[in-house]
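Heads up, the thing below is written out as C-alpha cells.
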Amino acid sequence: NVFGAPGSFVGILSVNSTRLNFVAQSRRTVYAVAGYGSTATFTPLASQDGSGGGASFTVAMNGNGVIRFTDTSGNDVRVSMAFFGARGFA
C-alpha cells in the first residue's frame, strides 16, 4: 500500500515470513508504525519464531512512501503483511 505524502498515518503492521522449503522456520513480528509523508518509524512490539528458528527480515519505508519488506535470511520465503490503522490529511 502507498501511504505517501501528503498526510500522516499511525497503526499496527503485522508481518509474517515463512521459509518455503522448511516451513518450521518462520518469524512473525508486530510493529507500531507512525509516519508522515514518505518517512515512517517501525517499532517492534512482539516477535515469535517458529520451531525451526526465525526467517529474518527488515521493514522500512522508501522515499516514495511504500513499505518495503527485505528478506535478510538468504532463503526463499513467503511473506504476508497487514496494516491496521488510521490516516490523517495534515
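Naming scheme: A, B, ... for chains in displayed order of the C-alpha cells; residues 1 onward per chain; ligands 1 onward as shown.
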
**Prompt:** Which residues, written as a PyMOL selection string, have at least one atom at most 7 Å from segment 9-21 of chain A, with only C-alpha atoms counted and residues fewer than 2 positions away on the same chain left out?
**Reply:** chain A and resi 7+23+25-36+55+75-88

**Message:** Would you pick out the contacts of Asn62 of chain A at 7 Å or less, using only C-alpha atoms, so that residues sharing its chain but fewer than 5 positions from it are not included, and give the list as a ChimeraX atom specification?
**Reply:** /A:38,67-68

Kindly export the residues of the current selection with N, CA and C atoms, as a PDB file, in the first residue's frame.
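Output file out_33.pdb follows:
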ATOM      1  N   SER A  38       6.617  10.586   3.405  1.00  0.00           N
ATOM      2  CA  SER A  38       7.303   9.388   2.924  1.00  0.00           C
ATOM      3  C   SER A  38       8.314   8.854   3.929  1.00  0.00           C
ATOM      4  N   ILE A  67       5.880   0.825   1.900  1.00  0.00           N
ATOM      5  CA  ILE A  67       6.505  -0.023   2.906  1.00  0.00           C
ATOM      6  C   ILE A  67       7.158  -1.195   2.189  1.00  0.00           C
ATOM      7  N   ARG A  68       8.457  -1.395   2.459  1.00  0.00           N
ATOM      8  CA  ARG A  68       9.223  -2.439   1.772  1.00  0.00           C
ATOM      9  C   ARG A  68       9.695  -3.500   2.753  1.00  0.00           C
TER      10      ARG A  68
END

**Item:** Length of the atom CA of Ala60 of chain A to atom CA of Thr43 of chain A vector [Å]
**Value:** 10.7 Å

As a short mmCIF file (atom, residue, chain, number, x, y, z; two decimals) with C-alpha atoms, in the first residue's frame, please: the residues near Thr39 of chain A (cut-off 8 Å, only C-alpha atoms, same-chain neighbours under 5 positions excluded).
data_model
loop_
_atom_site.label_atom_id
_atom_site.label_comp_id
_atom_site.auth_asym_id
_atom_site.auth_seq_id
_atom_site.Cartn_x
_atom_site.Cartn_y
_atom_site.Cartn_z
CA MET A 61 9.59 2.93 4.12
CA ASN A 62 11.07 4.01 0.81
CA GLY A 63 11.23 7.66 -0.17
CA GLY A 65 6.00 6.18 0.55
#
